[in-house]
Amino acid sequence: MDMNTSKVEETPVNANEAEETQATEAAELEQEQPDNGDNETAASEEEQTDWQDRYLRLYAEFDNFRKRTMRERGDLIRNASKDVLEKLLPVLDDFHRASTAAEGAADVNGIREGQQLIYNKLKQILKAQGVEEIEVKTGDAFDVDLHEAITRIPSPELSGKVVDVVEAGYTLNDSVIRYAKVVVGE
């Protein structure tokens with residue numbers, strides 16, 4: 001037995017007193033718990049409402065981001081060629097001036113020279129944008145990655161090789177945008 005009296009608990013003498021003590025303690029706990037239960041329930045509902053609000057705001061923010069990026073992508077696609085077209089407008093102006101000048105001109109060499117200047121200007125603008133002509137010469141080996149055979153003609157000395165270039169091919173930043181149309185010997 002423990003001799004320390006401060007730690008000795010009072011024990012009821014009979015079972016009825018023990019039941020009454022337990023009932024009294026339970027009633028006291030029930031009186032305290034409704035307040036705690038309501039507070040916990042209210043706090044839980046408030047936390048749930050807070051999480052729902054955060055979710056809805058995040059969803060709305062993501063939806064706005066998605067719509068904005070789709071709109072920006074559409075604008076980018078619609079206006080992607082704007083800078084190239086602006087650079088081509090002076091060439092169009094040059095062609096207009098050349099056609100106006102050709103109406104009353106008797107000098108054919110002057111007209112040819114003007115056309116050559118406009119052609120060179122257009123090639124320079126396209127080259128600045130990354131467009132380059134595919135170099136194809138008669139006698140080059142036929143390459144399906146660069147050439148498109150539009151016809152075959154009998155030519156024993158140029159069998160499997162380019163006989164004639166009908167239309168030039170072009171690349172844009174090392175990617176073929178138009179294949180060179182060629183006549184191939186067989």
# chains A, B, ... in the order shown; residues from 1 in each chain; ligands from 1

$ select_by_dssp --residues "segment 87-175 of chain A" --states "strand (DSSP E or B)" --output "number ranges by chain"
A: 131-133, 141, 147-153, 159, 161-167, 170-172, 175

$ residues_around --residues "Leu122 of chain A" --least-positions-apart "6" --cutoff "12 Å" --atoms "only C-alpha atoms" --output "list in words"
Val84, Leu85, Lys87, Leu88, Leu89, Pro90, Val91, Leu92, Asp93, Asp94, Phe95, Gln115, Gln116, Ala128, Gln129, Val131 and Glu132 of chain A

$ select_by_dssp --residues "segment 77-139 of chain A" --states "helix (DSSP H, G or I)" --output "VMD selection string"
chain A and resid 77 to 79 82 to 103 108 to 128

$ write_last_selection --atoms "C-alpha atoms" --output "short mmCIF file (atom, residue, chain, number, x, y, z; two decimals), in the first residue's frame"
data_model
loop_
_atom_site.label_atom_id
_atom_site.label_comp_id
_atom_site.auth_asym_id
_atom_site.auth_seq_id
_atom_site.Cartn_x
_atom_site.Cartn_y
_atom_site.Cartn_z
CA ILE A 77 -1.64 31.67 -85.73
CA ARG A 78 -3.70 34.39 -87.41
CA ASN A 79 -0.91 36.96 -87.19
CA LYS A 82 2.18 39.46 -90.53
CA ASP A 83 5.86 40.43 -90.40
CA VAL A 84 6.70 38.48 -93.57
CA LEU A 85 3.79 40.00 -95.44
CA GLU A 86 4.81 43.49 -94.33
CA LYS A 87 8.25 42.85 -95.78
CA LEU A 88 6.73 41.67 -99.08
CA LEU A 89 4.62 44.80 -99.57
CA PRO A 90 7.54 46.84 -100.99
CA VAL A 91 8.02 44.11 -103.62
CA LEU A 92 4.37 44.46 -104.58
CA ASP A 93 4.88 48.22 -104.84
CA ASP A 94 7.91 47.64 -107.07
CA PHE A 95 5.88 45.38 -109.37
CA HIS A 96 3.19 48.05 -109.60
CA ARG A 97 5.74 50.73 -110.51
CA ALA A 98 7.36 48.38 -113.04
CA SER A 99 4.07 47.61 -114.77
CA THR A 100 3.22 51.32 -114.90
CA ALA A 101 6.63 52.13 -116.36
CA ALA A 102 6.40 49.27 -118.89
CA GLU A 103 3.23 50.68 -120.47
CA VAL A 108 12.99 46.22 -123.32
CA ASN A 109 16.39 45.94 -121.62
CA GLY A 110 15.34 48.50 -119.00
CA ILE A 111 12.20 46.49 -118.23
CA ARG A 112 14.21 43.27 -117.90
CA GLU A 113 16.70 44.97 -115.62
CA GLY A 114 13.86 46.29 -113.43
CA GLN A 115 12.30 42.83 -113.23
CA GLN A 116 15.66 41.34 -112.24
CA LEU A 117 16.05 43.92 -109.47
CA ILE A 118 12.58 43.10 -108.11
CA TYR A 119 13.32 39.36 -108.32
CA ASN A 120 16.60 39.79 -106.39
CA LYS A 121 14.85 41.92 -103.76
CA LEU A 122 12.20 39.23 -103.26
CA LYS A 123 14.85 36.50 -102.96
CA GLN A 124 16.72 38.55 -100.32
CA ILE A 125 13.56 39.05 -98.26
CA LEU A 126 12.74 35.33 -98.40
CA LYS A 127 16.34 34.39 -97.53
CA ALA A 128 16.22 36.70 -94.51
#

$ atom_distance --atom1 "atom CA of Glu167 of chain A" --atom2 "atom CA of Pro154 of chain A"
20.2 Å

$ atom_distance --atom1 "atom CA of Thr151 of chain A" --atom2 "atom CA of Gly169 of chain A"
16.1 Å

$ decode --residues "segment 64-165 of chain A" --atoms "C-alpha atoms" --output "PDB file, in the first residue's frame"
ATOM      1  CA  ASN A  64      -9.450  31.434 -67.397  1.00  0.00           C
ATOM      2  CA  PHE A  65      -5.818  30.452 -68.070  1.00  0.00           C
ATOM      3  CA  ARG A  66      -6.928  27.778 -70.556  1.00  0.00           C
ATOM      4  CA  LYS A  67      -9.229  30.194 -72.387  1.00  0.00           C
ATOM      5  CA  ARG A  68      -6.570  32.915 -72.458  1.00  0.00           C
ATOM      6  CA  THR A  69      -3.906  30.575 -73.880  1.00  0.00           C
ATOM      7  CA  MET A  70      -6.342  29.308 -76.538  1.00  0.00           C
ATOM      8  CA  ARG A  71      -7.149  32.894 -77.515  1.00  0.00           C
ATOM      9  CA  GLU A  72      -3.447  33.842 -77.599  1.00  0.00           C
ATOM     10  CA  ARG A  73      -2.625  30.756 -79.687  1.00  0.00           C
ATOM     11  CA  GLY A  74      -5.376  31.665 -82.168  1.00  0.00           C
ATOM     12  CA  ASP A  75      -4.088  35.239 -82.391  1.00  0.00           C
ATOM     13  CA  LEU A  76      -0.556  33.978 -82.914  1.00  0.00           C
ATOM     14  CA  ILE A  77      -1.639  31.670 -85.730  1.00  0.00           C
ATOM     15  CA  ARG A  78      -3.703  34.387 -87.415  1.00  0.00           C
ATOM     16  CA  ASN A  79      -0.910  36.959 -87.185  1.00  0.00           C
ATOM     17  CA  ALA A  80       2.145  34.700 -87.601  1.00  0.00           C
ATOM     18  CA  SER A  81       2.757  35.768 -91.177  1.00  0.00           C
ATOM     19  CA  LYS A  82       2.181  39.457 -90.535  1.00  0.00           C
ATOM     20  CA  ASP A  83       5.860  40.431 -90.402  1.00  0.00           C
ATOM     21  CA  VAL A  84       6.698  38.479 -93.571  1.00  0.00           C
ATOM     22  CA  LEU A  85       3.792  40.002 -95.442  1.00  0.00           C
ATOM     23  CA  GLU A  86       4.805  43.491 -94.335  1.00  0.00           C
ATOM     24  CA  LYS A  87       8.253  42.848 -95.779  1.00  0.00           C
ATOM     25  CA  LEU A  88       6.729  41.672 -99.079  1.00  0.00           C
ATOM     26  CA  LEU A  89       4.617  44.798 -99.572  1.00  0.00           C
ATOM     27  CA  PRO A  90       7.544  46.840-100.986  1.00  0.00           C
ATOM     28  CA  VAL A  91       8.023  44.110-103.616  1.00  0.00           C
ATOM     29  CA  LEU A  92       4.374  44.458-104.575  1.00  0.00           C
ATOM     30  CA  ASP A  93       4.877  48.223-104.839  1.00  0.00           C
ATOM     31  CA  ASP A  94       7.909  47.639-107.066  1.00  0.00           C
ATOM     32  CA  PHE A  95       5.880  45.379-109.368  1.00  0.00           C
ATOM     33  CA  HIS A  96       3.186  48.048-109.603  1.00  0.00           C
ATOM     34  CA  ARG A  97       5.739  50.732-110.506  1.00  0.00           C
ATOM     35  CA  ALA A  98       7.359  48.380-113.045  1.00  0.00           C
ATOM     36  CA  SER A  99       4.068  47.607-114.766  1.00  0.00           C
ATOM     37  CA  THR A 100       3.218  51.319-114.897  1.00  0.00           C
ATOM     38  CA  ALA A 101       6.626  52.134-116.363  1.00  0.00           C
ATOM     39  CA  ALA A 102       6.397  49.265-118.890  1.00  0.00           C
ATOM     40  CA  GLU A 103       3.234  50.675-120.470  1.00  0.00           C
ATOM     41  CA  GLY A 104       4.986  53.573-122.156  1.00  0.00           C
ATOM     42  CA  ALA A 105       8.504  52.186-122.343  1.00  0.00           C
ATOM     43  CA  ALA A 106      10.182  51.203-125.579  1.00  0.00           C
ATOM     44  CA  ASP A 107      13.381  49.969-123.911  1.00  0.00           C
ATOM     45  CA  VAL A 108      12.989  46.222-123.322  1.00  0.00           C
ATOM     46  CA  ASN A 109      16.389  45.935-121.622  1.00  0.00           C
ATOM     47  CA  GLY A 110      15.343  48.497-119.004  1.00  0.00           C
ATOM     48  CA  ILE A 111      12.203  46.491-118.234  1.00  0.00           C
ATOM     49  CA  ARG A 112      14.206  43.266-117.905  1.00  0.00           C
ATOM     50  CA  GLU A 113      16.697  44.972-115.622  1.00  0.00           C
ATOM     51  CA  GLY A 114      13.861  46.288-113.434  1.00  0.00           C
ATOM     52  CA  GLN A 115      12.300  42.830-113.230  1.00  0.00           C
ATOM     53  CA  GLN A 116      15.663  41.337-112.242  1.00  0.00           C
ATOM     54  CA  LEU A 117      16.048  43.919-109.468  1.00  0.00           C
ATOM     55  CA  ILE A 118      12.581  43.103-108.108  1.00  0.00           C
ATOM     56  CA  TYR A 119      13.324  39.357-108.316  1.00  0.00           C
ATOM     57  CA  ASN A 120      16.596  39.789-106.391  1.00  0.00           C
ATOM     58  CA  LYS A 121      14.851  41.918-103.763  1.00  0.00           C
ATOM     59  CA  LEU A 122      12.195  39.226-103.257  1.00  0.00           C
ATOM     60  CA  LYS A 123      14.851  36.496-102.959  1.00  0.00           C
ATOM     61  CA  GLN A 124      16.716  38.552-100.316  1.00  0.00           C
ATOM     62  CA  ILE A 125      13.555  39.052 -98.256  1.00  0.00           C
ATOM     63  CA  LEU A 126      12.745  35.334 -98.396  1.00  0.00           C
ATOM     64  CA  LYS A 127      16.335  34.386 -97.535  1.00  0.00           C
ATOM     65  CA  ALA A 128      16.217  36.704 -94.507  1.00  0.00           C
ATOM     66  CA  GLN A 129      13.117  34.784 -93.376  1.00  0.00           C
ATOM     67  CA  GLY A 130      14.955  31.440 -93.686  1.00  0.00           C
ATOM     68  CA  VAL A 131      13.628  30.395 -97.111  1.00  0.00           C
ATOM     69  CA  GLU A 132      16.278  28.990 -99.429  1.00  0.00           C
ATOM     70  CA  GLU A 133      16.103  27.416-102.872  1.00  0.00           C
ATOM     71  CA  ILE A 134      17.047  23.752-103.193  1.00  0.00           C
ATOM     72  CA  GLU A 135      19.997  23.526-105.555  1.00  0.00           C
ATOM     73  CA  VAL A 136      19.180  20.990-108.278  1.00  0.00           C
ATOM     74  CA  LYS A 137      21.203  20.543-111.466  1.00  0.00           C
ATOM     75  CA  THR A 138      20.915  18.244-114.439  1.00  0.00           C
ATOM     76  CA  GLY A 139      22.737  15.022-113.635  1.00  0.00           C
ATOM     77  CA  ASP A 140      22.130  15.139-109.849  1.00  0.00           C
ATOM     78  CA  ALA A 141      20.936  11.886-108.299  1.00  0.00           C
ATOM     79  CA  PHE A 142      17.175  11.753-107.755  1.00  0.00           C
ATOM     80  CA  ASP A 143      16.446  12.169-104.019  1.00  0.00           C
ATOM     81  CA  VAL A 144      12.864  11.601-102.808  1.00  0.00           C
ATOM     82  CA  ASP A 145      13.571  13.777 -99.755  1.00  0.00           C
ATOM     83  CA  LEU A 146      14.180  16.824-101.977  1.00  0.00           C
ATOM     84  CA  HIS A 147      12.660  16.063-105.378  1.00  0.00           C
ATOM     85  CA  GLU A 148       9.265  15.227-106.788  1.00  0.00           C
ATOM     86  CA  ALA A 149       9.341  13.322-110.067  1.00  0.00           C
ATOM     87  CA  ILE A 150       6.627  14.614-112.352  1.00  0.00           C
ATOM     88  CA  THR A 151       7.612  12.404-115.287  1.00  0.00           C
ATOM     89  CA  ARG A 152      10.197   9.890-116.466  1.00  0.00           C
ATOM     90  CA  ILE A 153      11.858   9.941-119.857  1.00  0.00           C
ATOM     91  CA  PRO A 154      14.158   7.407-121.482  1.00  0.00           C
ATOM     92  CA  SER A 155      17.748   8.527-120.994  1.00  0.00           C
ATOM     93  CA  PRO A 156      20.346   5.733-120.643  1.00  0.00           C
ATOM     94  CA  GLU A 157      23.172   8.083-119.566  1.00  0.00           C
ATOM     95  CA  LEU A 158      20.995   9.807-116.896  1.00  0.00           C
ATOM     96  CA  SER A 159      19.139   6.769-115.568  1.00  0.00           C
ATOM     97  CA  GLY A 160      17.923   7.510-112.018  1.00  0.00           C
ATOM     98  CA  LYS A 161      19.186  11.084-112.270  1.00  0.00           C
ATOM     99  CA  VAL A 162      17.607  14.495-112.788  1.00  0.00           C
ATOM    100  CA  VAL A 163      17.220  15.363-116.475  1.00  0.00           C
ATOM    101  CA  ASP A 164      15.417  18.709-116.092  1.00  0.00           C
ATOM    102  CA  VAL A 165      14.109  20.966-113.299  1.00  0.00           C
TER     103      VAL A 165
END
